[in-house]
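Below is one structure, written out as structure tokens; the observations come after it.
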Amino acid sequence: MNQSFENIKQYIEQFEAFEKTLNGESKTPFHEIRRGAIEQFSKLGFPTAKDEEWRFTNIQPIIKTKFKTHFNKKIEAVRKEQIEKVIIKGIAETRLVFINGYYSDEYSINNITNKDIKVGCLSETLQNNFKLIRDNIAHISKYDKNVFTSLNTSFIHDGAFIFVPDDTTIEEPIYIVYISSEDQTPFITHPRNLIIVGQHSKVSVVEHFVHLSDNIYFNNAVTEIAAGENSIIEHTKLQSESAKAYHIGTTYIHQSKGSKVTQNSIMIGGAIVRNNIISILEDEGIECTLNGLSLATGQQLIDNHTTIDHSKPHCASHELYKAILDGKSKGVFNGKIYVRKDAQKTDAKQTNKTLLLSDEAAMDTKPQLEIFADDVKCTHGAAIGYIDADALFYLRSRGISEEIARDLLTYAFADDIIEKLCCEQIREYLHRILHSRLKQGRELEKL
Amino acid sequence: MLEIKNLYAAINGNEILKGINLKVNAGELHAIMGPNGSGKSTLAHVLAGRDTYDVTEGELIYNGKNLLEMQPEERAREGIFLAFQYPVEIPGVSNTYFLKAALNSIRKHRGLEEFDAVEFLLHMKQKMKLVEIDQDLLNRPVNEGFSGGEKKRNEIFQMAVLEPKLAILDETDSGLDIDALRIVADGVNKLKRPDNATIVVTHYQRLLNYIVPDFVHVLADGQIVKSGGKELAQELEVRGYDWVR
């Protein structure tokens, strides 16, 4: 108890300091959401290895680290060239840039002309469209007893805010970049994103987490997505944190009738990473697609936890998560699928595949299906293995060297997910990353 | 071109090849026939360098070089080609991409200039006609979702593109209908040249109606028990394998 109190104490003190920076805002009803959250946070405390949800993921290094927070909105000096280096170019005309959790007006670009579409930062929207935020934020997430979400909610101050009205299609993706600065003292940020998409609307959002140096920091991110009736959404989370960084993030997706949401989770950075996806399918005729690709090496630990909750009939969910683990890295996959009593004619398919590139890499995978309806089609499968010996011999027997053959097969394994991404620039970006990670990547690139 | 001397090979400690002796010269076509389990496929895989088989004794001399010291890819670059009985499906790797990588690694080894995209395409187009293969098939991932016939045709197509010196066809006729068999055989015949050699491994005589061998060898229990001309295959068809055991 004392031990865990010590661990949460720093955050409670930070909260008190944070409140002081809010001035008048701390008297508003909105701040009650934060207060409720910090209360829940201190009640929940941090999980231990005994906690079923965290059995395979040791987060002690995160809990024990003392992180500072950047309360003053004065953004650390980050040069334009530094930003140009880490962002993906040409994705979109509209991009939101956050530095250490704060919106950077200087580096963000908004080229959306339709005045009814709101794309901007939460901090500003809190000032001028407070009701829209209050009515939507922490609605999807509040039922989740996740201590990190509570912590994030306690510190809500900034993040992306996207509101797409009914019957609106945004052709180009909206690109959100979270840049962690070179600050050498370990720091924590709590980006909070809210995406509201109206009926019959269509949008694609890319969240990209990048770093400027190989330092220790902790990104505790939460995104909430409300998908209106018959809306079509593609949400891609591309996590490329520093090799020493911690990233814990949850994406909550609430789907209304007839909506189609595709969530892609690409996890390539971070020392300890936990990526939670929670999809609530609350009406009929919904399609939910979850794609995941994790690339880990060294001592990295990448944990993906997904939940798909089918509560009404005639919904489909398709989930494919892949991981490529090298070095002494570790992967975790936990896929929950709930099919509630009313959710007849559910069609749910879950697949988890892991390619181990070294003897010391390890994967824990756990499909978890809880089905309470009787007329459903639910399948799941998990496979963990090394490079296929038959395929390797086949390629070699045609004159391709063993090293290139291995890389070719590894590349193809990952490309299965990359090819599913709609945005060409992201596919190219990931191809470049793959090439740079493979031993014979330069040779492969020539082909 | 190839000399197999007293070759013994085992898998997981089980001896399969028990002293094979065979000489193949350039321009020759050899058929190796034999009942199931006689070691035909093992011999084909040992020649290509599959490491699941342990060569326990004997020698493999190919153009004066010791094959047993060479990795599978080195053998391929030196001109050895194995057409698989069960071609492997490789999702995510397109046929074209794969073949370009293979051909260029072979060309590089032989001191030839590597083909660029255009040169490779022209080379492919030329070979496509030879084995009547669709462009569509080549754009797809290697063998993925191919029918049995398409897979075998793809093997012969690869053989045409890579232009081996010694081609080993492992049960290429198995699972083929008569039309596919004819196309595959036509391809093999068209690729035959005075400076290359072919070993056809088969259980049935029917492939040999289309591909006429210079020599026929009968393999039984890991040894060549009989050798002869093309008439030996016909005799086998009539009298069965029991005749030679």
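Following the order of the structure tokens, chains are lettered A, B, ..., residues in each are numbered from 1, and ligands are numbered from 1.
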Contact table chain B vs chain A, cut-off 10 Å, shortest pair per residue, only C-alpha atoms, as a tab-separated table:
residue	atom	partner	partner_atom	distance
B:His45	CA	A:Ser397	CA	9.7
B:Ala48	CA	A:Ser397	CA	6.6
B:Gly49	CA	A:Ser397	CA	7.8
B:Arg50	CA	A:Phe393	CA	6.9
B:Asp51	CA	A:Phe393	CA	8.8
B:Thr52	CA	A:Ala389	CA	9.7
B:Gln71	CA	A:Arg396	CA	8.4
B:Pro72	CA	A:Ser397	CA	5.2
B:Glu73	CA	A:Gly399	CA	4.1
B:Glu74	CA	A:Gly399	CA	6.5
B:Arg75	CA	A:Gly399	CA	7.5
B:Ala76	CA	A:Gly399	CA	4.7
B:Arg77	CA	A:Gly399	CA	5.3
B:Glu78	CA	A:Gly399	CA	8.7
B:Gly79	CA	A:Gly399	CA	9.0
B:Ile80	CA	A:Ser397	CA	8.3
B:Phe81	CA	A:Arg398	CA	7.0
B:Leu82	CA	A:Ser397	CA	7.1
B:Ala83	CA	A:Ser397	CA	9.5
B:Phe84	CA	A:Tyr394	CA	8.5
B:Pro87	CA	A:Tyr394	CA	7.8
B:Val88	CA	A:Ala391	CA	6.0
B:Glu89	CA	A:Ala391	CA	7.3
B:Ile90	CA	A:Ala391	CA	6.5
B:Pro91	CA	A:Ala412	CA	6.9
B:Gly92	CA	A:Ala412	CA	4.5
B:Val93	CA	A:Ala412	CA	5.9
B:Ser94	CA	A:Ala412	CA	9.3
B:Tyr97	CA	A:Leu447	CA	6.9
B:Phe98	CA	A:Leu395	CA	8.0
B:Leu99	CA	A:Arg398	CA	8.2
B:Lys100	CA	A:Leu447	CA	7.3
B:Ala101	CA	A:Leu447	CA	6.4
B:Ala102	CA	A:Gly399	CA	5.3
B:Leu103	CA	A:Gly399	CA	7.5
B:Asn104	CA	A:Gly399	CA	8.8
B:Ser105	CA	A:Gly399	CA	6.1
B:Ile106	CA	A:Gly399	CA	6.0
B:Arg107	CA	A:Gly399	CA	9.7
B:His109	CA	A:Gly399	CA	9.3
B:Asp116	CA	A:Leu447	CA	9.0
B:Ala117	CA	A:Leu447	CA	8.7
B:Pro141	CA	A:Ala412	CA	9.7
B:Gln158	CA	A:Arg398	CA	8.5
B:Met159	CA	A:Arg398	CA	9.2
B:Leu162	CA	A:Arg398	CA	8.0
B:Pro164	CA	A:Arg398	CA	9.9
Name the residues of stretch 141-321 of chain A that come out as strand (DSSP E) in a backbone DSSP run; write them as a compact mmCIF listing (two decimals) with N, CA, C and O atoms, in the first residue's frame.
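Produced file out01.txt, reproduced below:
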# COMPACT_ATOMS: atom_id res chain seq x y z
N ALA A 160 -5.70 16.81 -30.05
CA ALA A 160 -6.39 17.17 -31.29
C ALA A 160 -7.89 17.14 -31.09
O ALA A 160 -8.41 16.27 -30.37
N PHE A 161 -8.55 18.08 -31.71
CA PHE A 161 -10.00 18.06 -31.69
C PHE A 161 -10.49 18.10 -33.13
O PHE A 161 -10.15 19.00 -33.90
N ILE A 162 -11.27 17.09 -33.50
CA ILE A 162 -11.77 17.03 -34.88
C ILE A 162 -13.28 16.82 -34.82
O ILE A 162 -13.77 15.89 -34.16
N PHE A 163 -13.99 17.70 -35.48
CA PHE A 163 -15.44 17.56 -35.55
C PHE A 163 -15.86 17.63 -37.01
O PHE A 163 -15.63 18.62 -37.69
N VAL A 164 -16.43 16.53 -37.50
CA VAL A 164 -16.89 16.49 -38.89
C VAL A 164 -18.41 16.45 -38.85
O VAL A 164 -18.99 15.50 -38.32
N ILE A 174 -6.26 13.68 -42.11
CA ILE A 174 -5.84 14.72 -41.17
C ILE A 174 -4.66 14.12 -40.41
O ILE A 174 -4.77 13.04 -39.83
N TYR A 175 -3.56 14.85 -40.46
CA TYR A 175 -2.30 14.31 -39.94
C TYR A 175 -1.97 14.98 -38.61
O TYR A 175 -1.82 16.20 -38.55
N ILE A 176 -1.90 14.20 -37.56
CA ILE A 176 -1.59 14.74 -36.24
C ILE A 176 -0.21 14.22 -35.82
O ILE A 176 0.02 13.01 -35.83
N VAL A 177 0.68 15.14 -35.48
CA VAL A 177 2.04 14.73 -35.10
C VAL A 177 2.30 15.12 -33.65
O VAL A 177 2.06 16.26 -33.25
N TYR A 178 2.75 14.17 -32.88
CA TYR A 178 3.13 14.45 -31.49
C TYR A 178 4.64 14.34 -31.40
O TYR A 178 5.19 13.24 -31.57
N ILE A 179 5.27 15.46 -31.16
CA ILE A 179 6.73 15.46 -31.14
C ILE A 179 7.21 15.54 -29.69
O ILE A 179 6.77 16.40 -28.94
N SER A 180 8.08 14.63 -29.33
CA SER A 180 8.69 14.72 -28.01
C SER A 180 10.05 15.36 -28.18
O SER A 180 10.84 14.93 -29.03
N PHE A 187 10.21 13.26 -18.85
CA PHE A 187 8.96 14.03 -18.74
C PHE A 187 7.77 13.21 -19.21
O PHE A 187 7.91 12.21 -19.90
N ILE A 188 6.61 13.68 -18.76
CA ILE A 188 5.38 12.96 -19.12
C ILE A 188 4.45 13.91 -19.87
O ILE A 188 4.41 15.11 -19.58
N THR A 189 3.75 13.37 -20.85
CA THR A 189 2.70 14.16 -21.51
C THR A 189 1.43 13.32 -21.56
O THR A 189 1.49 12.09 -21.56
N ARG A 192 -4.60 14.23 -25.39
CA ARG A 192 -5.99 13.78 -25.35
C ARG A 192 -6.69 14.21 -26.64
O ARG A 192 -6.77 15.40 -26.93
N ASN A 193 -7.15 13.25 -27.38
CA ASN A 193 -7.75 13.57 -28.67
C ASN A 193 -9.21 13.20 -28.70
O ASN A 193 -9.61 12.16 -28.18
N LEU A 194 -9.96 14.04 -29.37
CA LEU A 194 -11.40 13.79 -29.49
C LEU A 194 -11.79 13.94 -30.95
O LEU A 194 -11.53 14.98 -31.57
N ILE A 195 -12.36 12.88 -31.48
CA ILE A 195 -12.74 12.89 -32.89
C ILE A 195 -14.23 12.57 -32.98
O ILE A 195 -14.66 11.48 -32.57
N ILE A 196 -15.00 13.52 -33.48
CA ILE A 196 -16.44 13.31 -33.59
C ILE A 196 -16.82 13.37 -35.06
O ILE A 196 -16.54 14.35 -35.74
N VAL A 197 -17.42 12.29 -35.54
CA VAL A 197 -17.75 12.22 -36.96
C VAL A 197 -19.25 12.04 -37.10
O VAL A 197 -19.84 11.10 -36.56
N LYS A 202 -17.24 11.02 -43.81
CA LYS A 202 -16.07 10.17 -44.05
C LYS A 202 -14.79 10.94 -43.75
O LYS A 202 -14.62 12.07 -44.23
N VAL A 203 -13.91 10.32 -43.00
CA VAL A 203 -12.65 10.98 -42.67
C VAL A 203 -11.57 9.95 -42.36
O VAL A 203 -11.86 8.82 -41.95
N SER A 204 -10.33 10.36 -42.57
CA SER A 204 -9.20 9.52 -42.20
C SER A 204 -8.26 10.34 -41.32
O SER A 204 -7.92 11.47 -41.65
N VAL A 205 -7.88 9.78 -40.20
CA VAL A 205 -7.04 10.51 -39.25
C VAL A 205 -5.77 9.69 -38.98
O VAL A 205 -5.86 8.47 -38.77
N VAL A 206 -4.65 10.36 -39.02
CA VAL A 206 -3.38 9.68 -38.74
C VAL A 206 -2.76 10.31 -37.50
O VAL A 206 -2.56 11.53 -37.46
N GLU A 207 -2.48 9.52 -36.51
CA GLU A 207 -1.76 10.00 -35.33
C GLU A 207 -0.34 9.47 -35.41
O GLU A 207 -0.14 8.27 -35.51
N HIS A 208 0.61 10.37 -35.36
CA HIS A 208 2.00 9.94 -35.51
C HIS A 208 2.82 10.43 -34.31
O HIS A 208 2.92 11.63 -34.06
N PHE A 209 3.39 9.51 -33.58
CA PHE A 209 4.19 9.86 -32.40
C PHE A 209 5.66 9.75 -32.77
O PHE A 209 6.13 8.68 -33.14
N VAL A 210 6.36 10.88 -32.68
CA VAL A 210 7.77 10.89 -33.07
C VAL A 210 8.64 11.54 -32.00
O VAL A 210 8.12 12.18 -31.08
N HIS A 211 9.93 11.37 -32.12
CA HIS A 211 10.86 11.91 -31.12
C HIS A 211 12.02 12.60 -31.79
O HIS A 211 12.36 12.30 -32.94
N TYR A 217 11.01 9.51 -21.90
CA TYR A 217 9.80 10.28 -21.63
C TYR A 217 8.63 9.30 -21.65
O TYR A 217 8.80 8.14 -22.03
N PHE A 218 7.50 9.77 -21.23
CA PHE A 218 6.33 8.89 -21.13
C PHE A 218 5.15 9.58 -21.78
O PHE A 218 4.71 10.63 -21.34
N ASN A 219 4.67 8.99 -22.85
CA ASN A 219 3.47 9.50 -23.51
C ASN A 219 2.29 8.67 -23.04
O ASN A 219 2.23 7.47 -23.29
N ASN A 220 1.39 9.33 -22.33
CA ASN A 220 0.20 8.64 -21.83
C ASN A 220 -0.99 9.19 -22.60
O ASN A 220 -1.60 10.17 -22.21
N ALA A 221 -1.29 8.55 -23.73
CA ALA A 221 -2.22 9.13 -24.69
C ALA A 221 -3.60 8.48 -24.65
O ALA A 221 -3.72 7.27 -24.42
N VAL A 222 -4.60 9.29 -24.88
CA VAL A 222 -5.96 8.77 -25.01
C VAL A 222 -6.64 9.43 -26.21
O VAL A 222 -6.54 10.64 -26.39
N THR A 223 -7.30 8.62 -27.01
CA THR A 223 -8.08 9.14 -28.13
C THR A 223 -9.49 8.58 -28.02
O THR A 223 -9.67 7.40 -27.74
N GLU A 224 -10.45 9.44 -28.23
CA GLU A 224 -11.84 8.98 -28.27
C GLU A 224 -12.41 9.28 -29.65
O GLU A 224 -12.26 10.39 -30.16
N ILE A 225 -13.04 8.29 -30.21
CA ILE A 225 -13.63 8.46 -31.55
C ILE A 225 -15.11 8.13 -31.46
O ILE A 225 -15.48 7.04 -31.03
N ALA A 226 -15.93 9.07 -31.87
CA ALA A 226 -17.37 8.80 -31.93
C ALA A 226 -17.77 8.74 -33.39
O ALA A 226 -17.68 9.75 -34.11
N ALA A 227 -18.14 7.56 -33.86
CA ALA A 227 -18.48 7.37 -35.27
C ALA A 227 -19.99 7.44 -35.42
O ALA A 227 -20.71 6.57 -34.93
N ILE A 232 -17.84 6.60 -42.18
CA ILE A 232 -16.69 5.75 -42.56
C ILE A 232 -15.42 6.41 -42.04
O ILE A 232 -15.12 7.55 -42.40
N ILE A 233 -14.71 5.72 -41.19
CA ILE A 233 -13.52 6.32 -40.57
C ILE A 233 -12.33 5.37 -40.69
O ILE A 233 -12.46 4.17 -40.45
N GLU A 234 -11.20 5.95 -41.05
CA GLU A 234 -9.95 5.19 -40.94
C GLU A 234 -9.08 5.95 -39.93
O GLU A 234 -8.84 7.15 -40.07
N HIS A 235 -8.66 5.26 -38.91
CA HIS A 235 -7.80 5.88 -37.90
C HIS A 235 -6.51 5.08 -37.82
O HIS A 235 -6.53 3.87 -37.61
N THR A 236 -5.40 5.75 -38.02
CA THR A 236 -4.11 5.06 -37.98
C THR A 236 -3.27 5.65 -36.87
O THR A 236 -3.07 6.85 -36.80
N LYS A 237 -2.81 4.79 -36.01
CA LYS A 237 -1.91 5.24 -34.96
C LYS A 237 -0.53 4.69 -35.27
O LYS A 237 -0.32 3.48 -35.33
N LEU A 238 0.39 5.60 -35.50
CA LEU A 238 1.73 5.23 -35.91
C LEU A 238 2.68 5.66 -34.81
O LEU A 238 2.96 6.84 -34.64
N GLN A 239 3.09 4.71 -34.02
CA GLN A 239 3.88 5.02 -32.82
C GLN A 239 5.35 4.76 -33.10
O GLN A 239 5.76 3.63 -33.30
N TYR A 246 8.47 5.48 -23.01
CA TYR A 246 7.32 4.66 -22.63
C TYR A 246 6.09 5.22 -23.32
O TYR A 246 5.91 6.44 -23.39
N HIS A 247 5.29 4.34 -23.79
CA HIS A 247 4.05 4.79 -24.43
C HIS A 247 2.91 3.90 -23.97
O HIS A 247 2.93 2.69 -24.18
N ILE A 248 1.95 4.53 -23.31
CA ILE A 248 0.73 3.80 -22.98
C ILE A 248 -0.41 4.60 -23.58
O ILE A 248 -0.51 5.82 -23.36
N GLY A 249 -1.19 3.94 -24.40
CA GLY A 249 -2.25 4.69 -25.06
C GLY A 249 -3.50 3.84 -25.23
O GLY A 249 -3.41 2.62 -25.39
N THR A 250 -4.63 4.52 -25.16
CA THR A 250 -5.88 3.82 -25.41
C THR A 250 -6.69 4.60 -26.44
O THR A 250 -6.78 5.82 -26.36
N THR A 251 -7.19 3.87 -27.42
CA THR A 251 -8.10 4.47 -28.39
C THR A 251 -9.48 3.87 -28.16
O THR A 251 -9.65 2.65 -28.22
N TYR A 252 -10.41 4.74 -27.83
CA TYR A 252 -11.79 4.29 -27.60
C TYR A 252 -12.60 4.62 -28.83
O TYR A 252 -12.57 5.77 -29.32
N ILE A 253 -13.30 3.63 -29.34
CA ILE A 253 -14.09 3.86 -30.55
C ILE A 253 -15.55 3.50 -30.25
O ILE A 253 -15.84 2.37 -29.83
N HIS A 254 -16.40 4.44 -30.44
CA HIS A 254 -17.83 4.18 -30.24
C HIS A 254 -18.50 4.23 -31.60
O HIS A 254 -18.50 5.27 -32.26
N GLN A 255 -19.06 3.11 -32.02
CA GLN A 255 -19.64 3.05 -33.36
C GLN A 255 -21.16 3.02 -33.34
O GLN A 255 -21.76 2.20 -32.64
N LYS A 260 -18.61 2.27 -40.39
CA LYS A 260 -17.48 1.40 -40.72
C LYS A 260 -16.21 2.06 -40.21
O LYS A 260 -15.84 3.13 -40.69
N VAL A 261 -15.55 1.42 -39.28
CA VAL A 261 -14.32 2.00 -38.75
C VAL A 261 -13.17 1.02 -38.94
O VAL A 261 -13.30 -0.17 -38.66
N THR A 262 -12.08 1.54 -39.47
CA THR A 262 -10.85 0.75 -39.57
C THR A 262 -9.81 1.41 -38.69
O THR A 262 -9.54 2.60 -38.83
N GLN A 263 -9.28 0.66 -37.77
CA GLN A 263 -8.23 1.19 -36.89
C GLN A 263 -6.95 0.43 -37.19
O GLN A 263 -6.92 -0.80 -37.14
N ASN A 264 -5.89 1.17 -37.51
CA ASN A 264 -4.59 0.54 -37.75
C ASN A 264 -3.63 0.96 -36.65
O ASN A 264 -3.46 2.15 -36.41
N SER A 265 -3.01 0.00 -36.02
CA SER A 265 -2.03 0.32 -34.97
C SER A 265 -0.66 -0.16 -35.42
O SER A 265 -0.42 -1.37 -35.51
N ILE A 266 0.20 0.79 -35.72
CA ILE A 266 1.55 0.43 -36.16
C ILE A 266 2.50 0.84 -35.04
O ILE A 266 2.67 2.02 -34.74
N MET A 267 3.11 -0.14 -34.41
CA MET A 267 3.94 0.12 -33.24
C MET A 267 5.39 -0.22 -33.58
O MET A 267 5.71 -1.40 -33.77
N ILE A 272 8.85 0.42 -23.53
CA ILE A 272 7.68 -0.33 -23.05
C ILE A 272 6.46 0.33 -23.67
O ILE A 272 6.25 1.54 -23.52
N VAL A 273 5.70 -0.46 -24.38
CA VAL A 273 4.55 0.09 -25.10
C VAL A 273 3.30 -0.74 -24.78
O VAL A 273 3.35 -1.97 -24.80
N ARG A 274 2.24 -0.02 -24.45
CA ARG A 274 0.96 -0.71 -24.30
C ARG A 274 -0.04 0.05 -25.16
O ARG A 274 -0.25 1.24 -24.98
N ASN A 275 -0.60 -0.66 -26.11
CA ASN A 275 -1.57 -0.05 -27.01
C ASN A 275 -2.92 -0.73 -26.81
O ASN A 275 -3.06 -1.91 -27.10
N ASN A 276 -3.88 0.02 -26.29
CA ASN A 276 -5.22 -0.54 -26.09
C ASN A 276 -6.17 0.01 -27.14
O ASN A 276 -6.18 1.21 -27.40
N ILE A 277 -6.93 -0.88 -27.72
CA ILE A 277 -8.00 -0.44 -28.64
C ILE A 277 -9.30 -1.00 -28.08
O ILE A 277 -9.41 -2.21 -27.83
N ILE A 278 -10.26 -0.12 -27.86
CA ILE A 278 -11.55 -0.59 -27.34
C ILE A 278 -12.64 -0.11 -28.29
O ILE A 278 -12.83 1.09 -28.50
N SER A 279 -13.29 -1.07 -28.93
CA SER A 279 -14.34 -0.73 -29.89
C SER A 279 -15.68 -1.17 -29.36
O SER A 279 -15.88 -2.36 -29.08
N ILE A 280 -16.57 -0.23 -29.25
CA ILE A 280 -17.92 -0.54 -28.79
C ILE A 280 -18.85 -0.46 -30.00
O ILE A 280 -19.00 0.60 -30.61
N LEU A 281 -19.43 -1.60 -30.35
CA LEU A 281 -20.34 -1.66 -31.50
C LEU A 281 -21.75 -1.63 -30.95
O LEU A 281 -22.29 -2.65 -30.54
N GLU A 287 -19.43 -2.32 -39.13
CA GLU A 287 -18.20 -3.04 -39.47
C GLU A 287 -17.04 -2.43 -38.71
O GLU A 287 -16.87 -1.22 -38.71
N CYS A 288 -16.26 -3.30 -38.10
CA CYS A 288 -15.10 -2.82 -37.34
C CYS A 288 -13.90 -3.64 -37.79
O CYS A 288 -13.91 -4.86 -37.74
N THR A 289 -12.87 -2.95 -38.26
CA THR A 289 -11.67 -3.64 -38.72
C THR A 289 -10.47 -3.15 -37.91
O THR A 289 -10.23 -1.95 -37.83
N LEU A 290 -9.78 -4.07 -37.31
CA LEU A 290 -8.58 -3.69 -36.55
C LEU A 290 -7.36 -4.37 -37.18
O LEU A 290 -7.31 -5.59 -37.30
N ASN A 291 -6.39 -3.54 -37.60
CA ASN A 291 -5.14 -4.07 -38.14
C ASN A 291 -4.01 -3.65 -37.22
O ASN A 291 -3.99 -2.51 -36.76
N GLY A 292 -3.08 -4.53 -37.01
CA GLY A 292 -1.96 -4.17 -36.15
C GLY A 292 -0.65 -4.72 -36.68
O GLY A 292 -0.59 -5.83 -37.21
N LEU A 293 0.39 -3.90 -36.56
CA LEU A 293 1.73 -4.37 -36.92
C LEU A 293 2.71 -3.83 -35.88
O LEU A 293 2.80 -2.64 -35.66
N SER A 294 3.43 -4.73 -35.24
CA SER A 294 4.45 -4.32 -34.28
C SER A 294 5.80 -4.82 -34.76
O SER A 294 5.93 -5.97 -35.15
N LEU A 295 6.78 -3.91 -34.74
CA LEU A 295 8.15 -4.30 -35.08
C LEU A 295 9.01 -3.99 -33.86
O LEU A 295 9.13 -2.83 -33.47
N ALA A 296 9.57 -5.03 -33.26
CA ALA A 296 10.36 -4.78 -32.05
C ALA A 296 11.70 -5.45 -32.15
O ALA A 296 11.87 -6.49 -32.77
N LEU A 301 9.45 -3.92 -25.52
CA LEU A 301 8.27 -4.70 -25.15
C LEU A 301 7.06 -4.00 -25.77
O LEU A 301 6.81 -2.84 -25.48
N ILE A 302 6.36 -4.69 -26.64
CA ILE A 302 5.19 -4.09 -27.28
C ILE A 302 3.97 -4.95 -27.00
O ILE A 302 3.92 -6.12 -27.36
N ASP A 303 3.03 -4.34 -26.33
CA ASP A 303 1.83 -5.05 -25.87
C ASP A 303 0.61 -4.42 -26.54
O ASP A 303 0.39 -3.21 -26.43
N ASN A 304 -0.14 -5.22 -27.24
CA ASN A 304 -1.39 -4.76 -27.84
C ASN A 304 -2.57 -5.46 -27.17
O ASN A 304 -2.62 -6.69 -27.14
N HIS A 305 -3.47 -4.68 -26.63
CA HIS A 305 -4.70 -5.23 -26.04
C HIS A 305 -5.89 -4.67 -26.83
O HIS A 305 -6.03 -3.46 -26.93
N THR A 306 -6.69 -5.54 -27.37
CA THR A 306 -7.85 -5.04 -28.10
C THR A 306 -9.13 -5.61 -27.51
O THR A 306 -9.15 -6.75 -27.02
N THR A 307 -10.17 -4.82 -27.58
CA THR A 307 -11.49 -5.28 -27.13
C THR A 307 -12.50 -4.88 -28.19
O THR A 307 -12.54 -3.72 -28.60
N ILE A 308 -13.28 -5.84 -28.63
CA ILE A 308 -14.37 -5.53 -29.54
C ILE A 308 -15.65 -6.01 -28.86
O ILE A 308 -15.76 -7.18 -28.51
N ASP A 309 -16.56 -5.10 -28.66
CA ASP A 309 -17.77 -5.43 -27.92
C ASP A 309 -18.98 -5.38 -28.85
O ASP A 309 -19.45 -4.30 -29.23
N HIS A 310 -19.45 -6.57 -29.21
CA HIS A 310 -20.64 -6.67 -30.08
C HIS A 310 -21.87 -6.69 -29.18
O HIS A 310 -22.05 -7.63 -28.40
N ALA A 316 -20.07 -6.97 -38.01
CA ALA A 316 -18.89 -7.76 -38.37
C ALA A 316 -17.63 -7.11 -37.82
O ALA A 316 -17.50 -5.88 -37.84
N SER A 317 -16.74 -7.91 -37.30
CA SER A 317 -15.44 -7.38 -36.91
C SER A 317 -14.34 -8.27 -37.47
O SER A 317 -14.46 -9.50 -37.45
N HIS A 318 -13.32 -7.63 -38.01
CA HIS A 318 -12.18 -8.37 -38.58
C HIS A 318 -10.92 -7.83 -37.96
O HIS A 318 -10.66 -6.64 -38.03
N GLU A 319 -10.19 -8.71 -37.39
CA GLU A 319 -9.00 -8.26 -36.68
C GLU A 319 -7.79 -9.06 -37.13
O GLU A 319 -7.81 -10.29 -37.12
N LEU A 320 -6.73 -8.36 -37.52
CA LEU A 320 -5.48 -9.04 -37.89
C LEU A 320 -4.32 -8.29 -37.25
O LEU A 320 -4.04 -7.14 -37.60
N TYR A 321 -3.68 -8.91 -36.31
CA TYR A 321 -2.53 -8.30 -35.64
C TYR A 321 -1.29 -9.14 -35.92
O TYR A 321 -1.30 -10.35 -35.72
What parts of stretch 91-267 of chain A does DSSP call helix (DSSP H, G or I)? I'd like the answer as an mmCIF file with C-alpha atoms, in the first residue's frame.
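Ended up saving to states24.cif:
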data_model
loop_
_atom_site.group_PDB
_atom_site.id
_atom_site.type_symbol
_atom_site.label_atom_id
_atom_site.label_comp_id
_atom_site.auth_asym_id
_atom_site.auth_seq_id
_atom_site.Cartn_x
_atom_site.Cartn_y
_atom_site.Cartn_z
ATOM 1 C CA LEU A 122 -8.480 20.887 -27.577
ATOM 2 C CA SER A 123 -7.076 23.737 -25.491
ATOM 3 C CA GLU A 124 -8.468 26.358 -27.821
ATOM 4 C CA THR A 125 -11.772 24.570 -28.323
ATOM 5 C CA LEU A 126 -12.130 24.368 -24.563
ATOM 6 C CA GLN A 127 -12.095 28.174 -24.570
ATOM 7 C CA ASN A 128 -14.464 28.860 -27.431
ATOM 8 C CA PHE A 130 -16.605 24.391 -24.383
ATOM 9 C CA LYS A 131 -20.032 22.721 -24.621
ATOM 10 C CA LEU A 132 -19.060 20.557 -27.597
ATOM 11 C CA ILE A 133 -16.135 19.170 -25.662
ATOM 12 C CA ARG A 134 -17.932 18.749 -22.373
ATOM 13 C CA VAL A 147 -5.694 3.812 -14.367
ATOM 14 C CA PHE A 148 -3.731 5.370 -17.205
ATOM 15 C CA THR A 149 -6.877 6.710 -18.812
ATOM 16 C CA SER A 150 -7.893 8.189 -15.438
ATOM 17 C CA LEU A 151 -4.471 9.784 -15.222
ATOM 18 C CA ASN A 152 -4.805 11.206 -18.704
ATOM 19 C CA THR A 153 -8.286 12.545 -17.962
ATOM 20 C CA SER A 154 -6.986 14.198 -14.782
#
Item to check | Between atom CA of B:Gly39 and atom CA of B:Lys226, distance in Å (one decimal) | outcome: 14.6 Å
Item to check | One-decimal distance in Å that lies between atom CA of A:Asn136 and atom CA of A:Pro29 | outcome: 13.8 Å
